[in-house]
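Taking it in order: structure first as C-alpha cells, then the write-up.
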Amino acid sequence: MMRNTLLIWIIGLICFRCSQPKKVEVLDIAEYLALAEGRTIYPNEAQLEMLRPLMPSETFQPAPPISDRNYWNKIEQTDEGEQYLAEAVTWINIAPEVPISDSIYRVANLQGNRGIYKPRYYRTMTRLEHFMLAECIESKGRFISQIEGYLHAIMTMKSWLHPNHDTKDNDVMEGNSMAIDLGSRRFGSDLALAEVLLRDKLSPEVRQDIKDITRERIIDNYLESTEDKSKTHRFWFQSTSNWNSVCTSGSVFVTISTSQDPEERLMAVATALNSMRIYLNGFGDDGYCSEGAGYWNYGFGHYLYLAEILFDYTDGSVNLFEFDNPDKIKNVANFPARYQITKGVCAPFSDGVSKVSDDGGFASKMAVRKFDAIRPPYVEKNGGIDTYSAAFQLIEWGYMLDGKNQDLVAKVTTELPNYTFFDQFGMVISRGKQEVPLSIAVKAGHNSENHNHMDVGTYAVVLGHEIMTGDIGAPSYVAGAFSDDNPARSSWGHPVPRIDTILQSKGREYIGRITAAEFSDSLDRVVMDIKDAYELPALKELVRTMENDKLGQGAITIKDEFSLSEPMAFGVAIMTLTDYEIVNANTVILKTEKQSLKAEVYSKDGELKITDELVPVEKLREGGSAYRIGVDFIEKVDQGTLTIKYTPI
C-alpha cells in the first residue's frame, strides 16, 4: 500500500512539474560582453561556453514553410494577405532586372552613380519576395517559374555589392575578393528565405545552388571576415553606423536559417552580440542618433529585426531588446518622436533628412510593441526601392495573427513638448508655441559623428512646417559626396563661423560643449563653447548663444562672441534653400510661397558686409539649390560679437 502511495506521489510530482511553465534561462549579456577582448568581434571560448547551452539544436525557421497550409490559409484570409497576393500578381510577367552589365557596374563604381543600378537591384528583390510569399499564400505553383528565374538571375551576378561599395579596382566584381554590404546581405537573405519557405517546391538543382552561393558569399565570408579582418575590405562589423546592424542581421539570418553546422550558428550569434555592443555605442544613453531619423529607421529597424529573430530562435534566452542597458535601448526606441522640431519635420543634420517617409513603419511599430514608444507622424510612404522587406513582413504577419497590433495607431504622438535636450551629444530642440510656431534645433556635437559633417554649432530654423534657414543637409550620394572638402559637408556649407579662412577640423577632439541651458514657457536659452572645433591657436574664445523668444510672433537670435590673439577676418553664414532678398548690409528676407522670415545682422564691433554665393553642389538630398549668404566684418578684428536675429514677417 505504501509503495502504491509513493508511486502515485512520484507520478503526481512529475505531472505537476510538466504542467509548470518552462523557466527560460536568459543570457546575461553584460557578463557576456565583459568577457570580450577589447573591440574584438570574434567570440572567445569563454563567451561561447556561456552561449552554447542556450542555442537550439535545429536551424531557425522564420515562418512556417509552404507545407503548413493551416498557417498560410490564415494569412490568405486576411486583408493584408489578400493585398500582398494581388500586388505579386501585377508583377508576375516582369523579368528580373539583374544582373547589370560589367560596364554599368564600373561606371557606377567610378561615379558613385546609384541611379543606374540600385533601382534595378531593389525592384528585383522586392518582386522576388512578393512571388515567394504569394506562392506560400496560395500554393498553386503559378509563381514557381518566376521565382526560379529570379533566383537564377541573382545567382549569376558576379557581385551582390552596390558597385560604389566595391574597391576602386572592382575587386569583388572581378572575383579577386569577397565582401558583404547593404545590398549583398539582402540578396543572400532572399535566397535563404526561398530555401526555408519553399523547400521541395524548388528544383533540387536550384536548392543546391542556393546553399553553395549563400555559403560562399555570406556564411563563410561573415565568419572568416570577423575572425580575420585581412580577409575583407569592409569593417562594418566594428562600426557604430547603420551598416553594422543591417549587414549583421542579414548575415546572421542566412547562417542560422540555412547552416546545418550548430557551431557555425553558435559562432554567428556570438559574433553578432559583440558587434551590436559597438553599434549601440553610436547612440547616446539619452537615445540620440547622430545619423538622424532616417538612418534610425533603417539601422535601428534592422537591430530590432535581429533582436526579434534571435529572441524567437533562442526562445527568449538571447534578449537584444534589453541587451546590457535596457534604459538606453528604450531611449533609442523613443528617439524619432523626440527628434522632431515640429510634427513631421526633423533637422537635416549630418546626412539626415528633414522629412522622414514611412517605409511601412517596421522600426516604429516594433518600438511601440517592445518599448511602448510613441510613434512620430511620418509623411506618406514614399514607394521607394528599398522599403519593406519580406523578412519584416513575416514578423508583421506573426504579430497580426497573434492579435498584437491593436494599439499601434493609438500611439501616434499628438503633442510635442516645449523643448527636447539630448544632453550627452549636445543637441537642443526649442519649439515655439505660436499659431505659426517659430522653432529651432541647434547642435554642439563633435566632428567625428556617423555620416559626419564639420558642423559644430549648426542649427535649423523652422517657421510653421518649413525650414527657412540653417543646415542645408547632405549632398546626394555620388562620387565625392563623402569627401571632407565637399562644400555641403565642410563647415563652409554650414551656418557656423569662418575665421581667417579657417574652417572646422575633422576628428573626435574637434568638439562643442553646451555650457548652459535654460528653458521656460517664454524663453529658451542655450550657450555652447565651440572654440575647440577649430584648429586655430590664435582663437582664444568662441561662444555661441541661441535664444528663442516665444512671446508674440517669436524671435530667434544666434550670437557669436569671439576673442583672438591678433586681428583676423571673421564671419558667419546664413544658409538657405529658399528664395531670398538682400535688402541692405544688415537685412536679408528669406521667402517661401507661404511665408517670410527676416534675418537682421548686427555688431557694435565693426561694419558688416553681406555676400551671397551658390553652394557648388549639384545635388542635395533636401532638393533644390542652396545658397551661402556670408556675413563678414569688413575689417579684421581681434574680438567682438556678431548677432543674427530671425523674426517672422
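In the C-alpha cells, chains take letters A, B, ... by order of appearance, with residues numbered from 1 within each chain and ligands from 1 in the order shown.
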
Mind running stretch 562-590 of chain A against stretch 450-465 of chain A at 12 Å and telling me each contacting residue's nearest atom pair with the distance in Å (one decimal), counting only C-alpha atoms, chain and number ascending, as JSON lines?
{"residue": "A:Val572", "atom": "CA", "partner": "A:Thr458", "partner_atom": "CA", "distance": 11.0}
{"residue": "A:Ala573", "atom": "CA", "partner": "A:Thr458", "partner_atom": "CA", "distance": 10.4}
{"residue": "A:Ile574", "atom": "CA", "partner": "A:Tyr459", "partner_atom": "CA", "distance": 10.4}
{"residue": "A:Met575", "atom": "CA", "partner": "A:Ala460", "partner_atom": "CA", "distance": 9.4}
{"residue": "A:Thr576", "atom": "CA", "partner": "A:Ala460", "partner_atom": "CA", "distance": 9.7}
{"residue": "A:Leu577", "atom": "CA", "partner": "A:Ala460", "partner_atom": "CA", "distance": 11.5}
{"residue": "A:Leu590", "atom": "CA", "partner": "A:Leu463", "partner_atom": "CA", "distance": 11.0}

Take the residues just selected and output them with N, CA, C and O atoms as a short mmCIF file (atom, residue, chain, number, x, y, z; two decimals), in the first residue's frame.
data_model
loop_
_atom_site.label_atom_id
_atom_site.label_comp_id
_atom_site.auth_asym_id
_atom_site.auth_seq_id
_atom_site.Cartn_x
_atom_site.Cartn_y
_atom_site.Cartn_z
N VAL A 572 30.21 84.78 -40.35
CA VAL A 572 29.31 83.63 -40.21
C VAL A 572 28.53 83.51 -41.51
O VAL A 572 28.77 84.24 -42.47
N ALA A 573 27.60 82.57 -41.53
CA ALA A 573 26.82 82.37 -42.75
C ALA A 573 25.36 82.14 -42.43
O ALA A 573 25.02 81.48 -41.45
N ILE A 574 24.52 82.72 -43.26
CA ILE A 574 23.10 82.38 -43.29
C ILE A 574 22.94 81.41 -44.45
O ILE A 574 23.14 81.78 -45.61
N MET A 575 22.62 80.16 -44.15
CA MET A 575 22.46 79.15 -45.19
C MET A 575 20.98 78.97 -45.48
O MET A 575 20.15 78.96 -44.56
N THR A 576 20.63 78.80 -46.76
CA THR A 576 19.21 78.63 -47.07
C THR A 576 19.00 77.89 -48.38
O THR A 576 19.84 77.94 -49.29
N LEU A 577 17.89 77.20 -48.44
CA LEU A 577 17.41 76.55 -49.66
C LEU A 577 16.22 77.32 -50.23
O LEU A 577 15.62 76.89 -51.22
N LEU A 590 14.16 86.00 -46.14
CA LEU A 590 14.08 84.62 -46.63
C LEU A 590 12.62 84.31 -46.93
O LEU A 590 11.74 84.57 -46.10
#

Open item on the list: I'd like the contact shell of stretch 296-304 of chain A - 9 Å cut-off, only C-alpha atoms, skipping same-chain residues fewer than 3 positions apart - returned as number ranges by chain.
Closed with: A: 241-250, 276, 289-293, 307-309, 320-321, 332-333, 335-336, 356, 358-359, 361-364, 366-367

Task: Nearest candidate to A:Thr557 (options A:Asp632, A:Glu541, A:Glu593, A:Glu600; using only C-alpha atoms) - done: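 Ranked by minimum distance to A:Thr557, first place goes to A:Glu600.
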
Give me the stretch 523-586 of chain A side of the contact with stretch 425-434 of chain A, cut-off 12 Å, one line per residue showing its nearest atom pair and distance in Å at one decimal, counting only C-alpha atoms, sorted by chain and residue number, as CSV.
residue,atom,partner,partner_atom,distance
A:Leu523,CA,A:Ser430,CA,9.1
A:Asp524,CA,A:Ser430,CA,6.6
A:Arg525,CA,A:Ser430,CA,8.8
A:Val526,CA,A:Val428,CA,7.9
A:Val527,CA,A:Gly426,CA,10.4
A:Met528,CA,A:Gly426,CA,8.7
A:Asp529,CA,A:Gly426,CA,10.8
A:Ile530,CA,A:Gly426,CA,11.2
A:Met546,CA,A:Ser430,CA,9.7
A:Glu547,CA,A:Ser430,CA,9.1
A:Asn548,CA,A:Ser430,CA,7.0
A:Asp549,CA,A:Gly432,CA,8.3
A:Lys550,CA,A:Gly432,CA,5.7
A:Leu551,CA,A:Gln434,CA,7.9
A:Gly552,CA,A:Gln434,CA,7.3
A:Gln553,CA,A:Gln434,CA,6.4
A:Gly554,CA,A:Gly432,CA,7.3
A:Ala555,CA,A:Gly432,CA,9.4
A:Ile556,CA,A:Gly432,CA,9.9

Could you save the residues just selected, with all heavy atoms, as a tab-separated table (two decimals), in the first residue's frame?
chain	number	residue	atom	x	y	z
A	523	LEU	N	10.96	81.76	-22.87
A	523	LEU	CA	12.30	81.89	-23.45
A	523	LEU	C	13.11	80.63	-23.22
A	523	LEU	O	13.17	80.11	-22.11
A	523	LEU	CB	13.03	83.09	-22.82
A	523	LEU	CG	14.46	83.34	-23.33
A	523	LEU	CD1	14.43	83.90	-24.74
A	523	LEU	CD2	15.21	84.29	-22.39
A	524	ASP	N	13.75	80.15	-24.29
A	524	ASP	CA	14.75	79.08	-24.19
A	524	ASP	C	16.11	79.68	-24.54
A	524	ASP	O	16.23	80.46	-25.50
A	524	ASP	CB	14.44	77.93	-25.15
A	524	ASP	CG	13.20	77.14	-24.75
A	524	ASP	OD1	12.76	77.28	-23.59
A	524	ASP	OD2	12.67	76.41	-25.60
A	525	ARG	N	17.11	79.29	-23.79
A	525	ARG	CA	18.46	79.85	-24.00
A	525	ARG	C	19.49	78.75	-23.87
A	525	ARG	O	19.49	77.98	-22.91
A	525	ARG	CB	18.74	80.95	-22.97
A	525	ARG	CG	20.08	81.67	-23.15
A	525	ARG	CD	20.14	82.86	-22.19
A	525	ARG	NE	21.37	83.61	-22.36
A	525	ARG	CZ	22.48	83.39	-21.66
A	525	ARG	NH1	22.50	82.43	-20.73
A	525	ARG	NH2	23.56	84.12	-21.86
A	526	VAL	N	20.37	78.64	-24.89
A	526	VAL	CA	21.41	77.63	-24.91
A	526	VAL	C	22.75	78.31	-25.20
A	526	VAL	O	22.86	79.09	-26.15
A	526	VAL	CB	21.13	76.55	-25.98
A	526	VAL	CG1	22.28	75.55	-26.05
A	526	VAL	CG2	19.82	75.83	-25.69
A	527	VAL	N	23.75	78.01	-24.38
A	527	VAL	CA	25.08	78.56	-24.57
A	527	VAL	C	26.04	77.41	-24.84
A	527	VAL	O	26.05	76.41	-24.11
A	527	VAL	CB	25.55	79.33	-23.31
A	527	VAL	CG1	26.95	79.92	-23.54
A	527	VAL	CG2	24.56	80.42	-22.95
A	528	MET	N	26.84	77.55	-25.90
A	528	MET	CA	27.79	76.49	-26.22
A	528	MET	C	29.17	77.06	-26.54
A	528	MET	O	29.29	78.10	-27.20
A	528	MET	CB	27.28	75.62	-27.36
A	528	MET	CG	27.01	76.33	-28.66
A	528	MET	SD	26.42	75.19	-29.96
A	528	MET	CE	24.80	74.78	-29.31
A	529	ASP	N	30.16	76.39	-26.05
A	529	ASP	CA	31.56	76.72	-26.35
A	529	ASP	C	31.97	75.90	-27.57
A	529	ASP	O	32.04	74.68	-27.51
A	529	ASP	CB	32.42	76.37	-25.14
A	529	ASP	CG	33.90	76.72	-25.34
A	529	ASP	OD1	34.28	77.05	-26.49
A	529	ASP	OD2	34.66	76.64	-24.37
A	530	ILE	N	32.25	76.57	-28.69
A	530	ILE	CA	32.59	75.86	-29.92
A	530	ILE	C	34.03	76.15	-30.37
A	530	ILE	O	34.41	75.82	-31.49
A	530	ILE	CB	31.59	76.17	-31.05
A	530	ILE	CG1	31.59	77.65	-31.42
A	530	ILE	CG2	30.18	75.72	-30.66
A	530	ILE	CD1	30.71	77.96	-32.64
A	546	MET	N	22.20	80.72	-28.35
A	546	MET	CA	20.91	80.72	-29.04
A	546	MET	C	19.83	81.10	-28.05
A	546	MET	O	19.76	80.56	-26.94
A	546	MET	CB	20.61	79.33	-29.62
A	546	MET	CG	19.29	79.24	-30.40
A	546	MET	SD	17.74	79.17	-29.44
A	546	MET	CE	17.93	77.65	-28.55
A	547	GLU	N	18.98	82.05	-28.45
A	547	GLU	CA	17.81	82.40	-27.65
A	547	GLU	C	16.57	82.31	-28.51
A	547	GLU	O	16.55	82.83	-29.64
A	547	GLU	CB	17.94	83.80	-27.05
A	547	GLU	CG	18.98	83.90	-25.96
A	547	GLU	CD	18.97	85.24	-25.25
A	547	GLU	OE1	18.24	86.16	-25.73
A	547	GLU	OE2	19.65	85.39	-24.24
A	548	ASN	N	15.56	81.64	-28.01
A	548	ASN	CA	14.26	81.56	-28.69
A	548	ASN	C	13.25	82.27	-27.80
A	548	ASN	O	12.80	81.73	-26.79
A	548	ASN	CB	13.86	80.09	-28.91
A	548	ASN	CG	12.55	79.97	-29.71
A	548	ASN	OD1	11.97	80.97	-30.13
A	548	ASN	ND2	12.10	78.74	-29.91
A	549	ASP	N	12.89	83.51	-28.21
A	549	ASP	CA	11.88	84.30	-27.51
A	549	ASP	C	10.52	83.87	-28.03
A	549	ASP	O	10.18	84.12	-29.19
A	549	ASP	CB	12.14	85.78	-27.77
A	549	ASP	CG	11.16	86.68	-27.02
A	549	ASP	OD1	10.16	86.16	-26.48
A	549	ASP	OD2	11.39	87.90	-27.00
A	550	LYS	N	9.73	83.23	-27.19
A	550	LYS	CA	8.48	82.61	-27.64
A	550	LYS	C	7.28	83.54	-27.51
A	550	LYS	O	6.15	83.13	-27.82
A	550	LYS	CB	8.24	81.33	-26.84
A	550	LYS	CG	9.36	80.31	-26.99
A	550	LYS	CD	9.08	79.02	-26.24
A	550	LYS	CE	10.22	78.04	-26.37
A	550	LYS	NZ	9.93	76.75	-25.70
A	551	LEU	N	7.49	84.77	-27.07
A	551	LEU	CA	6.39	85.71	-26.94
A	551	LEU	C	6.03	86.31	-28.29
A	551	LEU	O	6.87	86.40	-29.19
A	551	LEU	CB	6.76	86.81	-25.95
A	551	LEU	CG	7.09	86.35	-24.52
A	551	LEU	CD1	7.49	87.53	-23.65
A	551	LEU	CD2	5.89	85.61	-23.91
A	552	GLY	N	4.79	86.74	-28.45
A	552	GLY	CA	4.34	87.34	-29.69
A	552	GLY	C	4.50	86.39	-30.87
A	552	GLY	O	4.17	85.21	-30.78
A	553	GLN	N	5.01	86.91	-31.97
A	553	GLN	CA	5.25	86.07	-33.14
A	553	GLN	C	6.53	85.26	-33.02
A	553	GLN	O	6.78	84.35	-33.81
A	553	GLN	CB	5.32	86.93	-34.41
A	553	GLN	CG	3.98	87.46	-34.87
A	553	GLN	CD	4.11	88.16	-36.21
A	553	GLN	OE1	4.96	89.03	-36.40
A	553	GLN	NE2	3.27	87.78	-37.16
A	554	GLY	N	7.35	85.59	-32.03
A	554	GLY	CA	8.57	84.85	-31.80
A	554	GLY	C	9.78	85.51	-32.43
A	554	GLY	O	9.67	86.27	-33.41
A	555	ALA	N	10.94	85.26	-31.86
A	555	ALA	CA	12.21	85.74	-32.40
A	555	ALA	C	13.32	84.81	-31.95
A	555	ALA	O	13.36	84.40	-30.78
A	555	ALA	CB	12.50	87.17	-31.94
A	556	ILE	N	14.22	84.47	-32.87
A	556	ILE	CA	15.36	83.60	-32.56
A	556	ILE	C	16.64	84.37	-32.86
A	556	ILE	O	16.79	84.92	-33.96
A	556	ILE	CB	15.31	82.30	-33.36
A	556	ILE	CG1	14.17	81.40	-32.85
A	556	ILE	CG2	16.64	81.55	-33.27
A	556	ILE	CD1	13.95	80.15	-33.68

Task: Among listed residues A:Leu401, A:Pro417, A:Leu620, A:Ala538, nearest A:Asp521 (using only C-alpha atoms) - done: A:Pro417

TODO: Can you check which residues of stretch 455-499 of chain A DSSP gives as strand (DSSP E) on the backbone and send them as an MDAnalysis selection string?
DONE: chainID A and resid 459:463 466:470 498:499

Keeping only C-alpha atoms, write the selected residues as a CSV table (one decimal), in the first residue's frame.
chain,number,residue,atom,x,y,z
A,459,TYR,CA,21.2,74.9,-36.4
A,460,ALA,CA,17.9,74.7,-38.3
A,461,VAL,CA,15.2,77.3,-38.0
A,462,VAL,CA,11.6,76.2,-38.8
A,463,LEU,CA,8.7,78.5,-39.3
A,466,GLU,CA,9.2,74.8,-43.3
A,467,ILE,CA,12.9,75.0,-42.7
A,468,MET,CA,13.7,78.6,-43.5
A,469,THR,CA,17.4,78.8,-42.8
A,470,GLY,CA,20.2,76.8,-41.2
A,498,ARG,CA,34.7,81.1,-40.5
A,499,ILE,CA,37.9,82.6,-39.1

Task: All alpha helix (DSSP H) residues (DSSP, backbone) inside stretch 92-207 of chain A, as a PyMOL selection string - done: chain A and resi 102-111+118-138+144-155+182-198+204-207

Open item on the list: Report, in Å with one decimal, the straight-line distance from atom CA of A:Val196 to atom CA of A:Asp209.
Closed with: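 A separation of 13.8 Å between them.
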
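Candidate residues A:Tyr295, A:Trp492, A:Phe143, A:Phe392 were compared for distance to A:Leu202, and the nearest is A:Phe143, using only C-alpha atoms.
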
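Closest approach to A:Thr515 among A:Thr641, A:Val543, A:Asn109, A:Arg489: A:Val543, based on only C-alpha atoms.
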
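Across the structure, atom CA of A:Ile589 and atom CA of A:Ser563 are spaced 29.5 Å apart.
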
- [ ] Rank A:Thr59, A:Gln208, A:Thr40, A:Asn170 by their smallest atom-to-atom distance to A:Phe235, using only C-alpha atoms, and report the top residue only.
- [x] A:Thr40

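Counting from atom CA of A:Arg185, the distance to atom CA of A:Ile218 is 7.3 Å.
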
Open item on the list: Set the distance at 12 Å and use only C-alpha atoms: which residues neighbour A:Leu33 once local chain neighbours fewer than 2 positions away are removed? I'd like the list as a PyMOL selection string.
Closed with: chain A and resi 27-31+35-44+46-48+50-51+270-278+323-325

Please dump the current selection as a CSV table (one decimal), in the first residue's frame; keep N, CA and C atoms.
chain,number,residue,atom,x,y,z
A,27,LEU,N,20.5,34.7,-21.2
A,27,LEU,CA,21.9,35.1,-21.3
A,27,LEU,C,22.1,36.4,-20.6
A,28,ASP,N,23.0,36.5,-19.7
A,28,ASP,CA,23.4,37.7,-19.0
A,28,ASP,C,24.4,38.4,-20.0
A,29,ILE,N,23.8,39.4,-20.8
A,29,ILE,CA,24.6,40.0,-21.9
A,29,ILE,C,25.7,40.9,-21.3
A,30,ALA,N,25.5,41.5,-20.2
A,30,ALA,CA,26.5,42.3,-19.6
A,30,ALA,C,27.7,41.5,-19.2
A,31,GLU,N,27.5,40.3,-18.6
A,31,GLU,CA,28.5,39.4,-18.3
A,31,GLU,C,29.2,38.9,-19.5
A,35,LEU,N,33.4,39.6,-21.0
A,35,LEU,CA,34.4,38.6,-21.4
A,35,LEU,C,35.1,39.0,-22.7
A,36,ALA,N,34.6,39.9,-23.5
A,36,ALA,CA,35.1,40.3,-24.8
A,36,ALA,C,36.5,40.8,-24.6
A,37,GLU,N,37.3,40.7,-25.6
A,37,GLU,CA,38.7,41.2,-25.6
A,37,GLU,C,38.8,42.4,-26.4
A,38,GLY,N,38.7,43.6,-25.7
A,38,GLY,CA,38.7,44.9,-26.4
A,38,GLY,C,37.6,45.0,-27.4
A,39,ARG,N,38.0,45.5,-28.6
A,39,ARG,CA,37.0,45.6,-29.7
A,39,ARG,C,36.9,44.4,-30.6
A,40,THR,N,37.5,43.3,-30.1
A,40,THR,CA,37.5,42.1,-30.9
A,40,THR,C,36.0,41.6,-31.1
A,41,ILE,N,35.7,41.3,-32.3
A,41,ILE,CA,34.3,40.9,-32.6
A,41,ILE,C,34.2,39.4,-32.5
A,42,TYR,N,35.1,38.6,-33.0
A,42,TYR,CA,35.0,37.2,-33.0
A,42,TYR,C,35.0,36.7,-31.5
A,43,PRO,N,34.1,35.8,-31.2
A,43,PRO,CA,33.9,35.4,-29.7
A,43,PRO,C,35.1,34.6,-29.3
A,44,ASN,N,35.4,34.7,-28.0
A,44,ASN,CA,36.4,33.8,-27.4
A,44,ASN,C,35.7,32.6,-26.8
A,46,ALA,N,35.4,31.6,-23.7
A,46,ALA,CA,34.6,31.8,-22.5
A,46,ALA,C,33.2,32.3,-22.9
A,47,GLN,N,33.1,33.2,-23.9
A,47,GLN,CA,31.8,33.6,-24.4
A,47,GLN,C,31.0,32.5,-25.0
A,48,LEU,N,31.7,31.7,-25.8
A,48,LEU,CA,31.0,30.5,-26.4
A,48,LEU,C,30.4,29.6,-25.4
A,50,MET,N,29.3,30.3,-22.5
A,50,MET,CA,28.1,31.0,-21.9
A,50,MET,C,26.9,30.8,-22.8
A,51,LEU,N,27.1,30.9,-24.1
A,51,LEU,CA,26.0,30.9,-25.1
A,51,LEU,C,25.6,29.5,-25.5
A,270,ALA,N,27.1,34.5,-31.6
A,270,ALA,CA,28.1,35.1,-30.6
A,270,ALA,C,28.8,36.3,-31.2
A,271,THR,N,29.1,36.2,-32.4
A,271,THR,CA,29.8,37.3,-33.1
A,271,THR,C,28.9,38.6,-33.1
A,272,ALA,N,27.6,38.3,-33.5
A,272,ALA,CA,26.7,39.5,-33.6
A,272,ALA,C,26.5,40.2,-32.3
A,273,LEU,N,26.5,39.5,-31.1
A,273,LEU,CA,26.4,40.1,-29.9
A,273,LEU,C,27.6,41.1,-29.6
A,274,ASN,N,28.8,40.7,-29.9
A,274,ASN,CA,29.9,41.6,-29.8
A,274,ASN,C,29.8,42.8,-30.7
A,275,SER,N,29.4,42.5,-31.9
A,275,SER,CA,29.2,43.6,-32.9
A,275,SER,C,28.2,44.6,-32.5
A,276,MET,N,27.1,44.1,-32.0
A,276,MET,CA,26.0,45.0,-31.6
A,276,MET,C,26.4,45.9,-30.4
A,277,ARG,N,27.3,45.5,-29.6
A,277,ARG,CA,27.8,46.3,-28.5
A,277,ARG,C,28.4,47.6,-29.1
A,278,ILE,N,29.2,47.4,-30.2
A,278,ILE,CA,29.8,48.6,-30.8
A,278,ILE,C,28.8,49.4,-31.6
A,323,PHE,N,19.4,44.0,-24.1
A,323,PHE,CA,20.9,44.0,-24.2
A,323,PHE,C,21.5,44.1,-22.8
A,324,ASP,N,22.5,45.0,-22.7
A,324,ASP,CA,23.1,45.2,-21.4
A,324,ASP,C,22.7,46.5,-20.7
A,325,ASN,N,21.8,47.2,-21.4
A,325,ASN,CA,21.3,48.5,-20.9
A,325,ASN,C,19.9,48.8,-21.3

Task: Distance query A:Val98 at most 10 Å, only C-alpha atoms, self and fewer than 5 positions along chain excluded, as a ChimeraX atom specification - done: /A:117,120-125,150,152-157,160

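Once A:Asp315 and its same-chain neighbours fewer than 6 positions away are set aside, A:Val24, A:Glu25, A:Val26, A:Leu54, A:Met55, A:Pro56, A:Ile309 remain within 10 Å of it when counting only C-alpha atoms.
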
Task: Surrounding residues of A:Ile180 excluding itself and chain neighbours under 5 positions, 10 Å, only C-alpha atoms, as a VMD selection string - done: chain A and resid 159 to 162 165 to 166 172 185 to 186 188 217 to 218 221 to 222 225 232 to 236 247 to 248 250 to 251

So which residues touch A:Ala481 within 10 Å, counting only C-alpha atoms, skipping near sequence neighbours fewer than 5 positions away, as a short mmCIF file (atom, residue, chain, number, x, y, z; two decimals) with C-alpha atoms, in the first residue's frame?
data_model
loop_
_atom_site.label_atom_id
_atom_site.label_comp_id
_atom_site.auth_asym_id
_atom_site.auth_seq_id
_atom_site.Cartn_x
_atom_site.Cartn_y
_atom_site.Cartn_z
CA GLY A 112 29.10 56.74 -57.30
CA ALA A 474 23.66 66.32 -47.15
CA PRO A 475 24.93 66.06 -50.70
CA SER A 476 23.36 63.26 -52.70
CA ASN A 486 32.62 68.74 -50.22
CA PRO A 487 31.11 72.24 -49.71
CA ALA A 488 27.95 70.75 -48.23
CA ARG A 489 29.96 68.63 -45.79
CA VAL A 617 26.96 71.10 -55.15
CA LYS A 619 22.53 67.62 -55.91
CA LEU A 620 21.43 67.93 -52.32
#

Task: Among the residues A:Leu536, A:Val615, A:Leu642, A:Ala626, the one that comes closest to A:Asp579 [using only C-alpha atoms] - done: A:Ala626
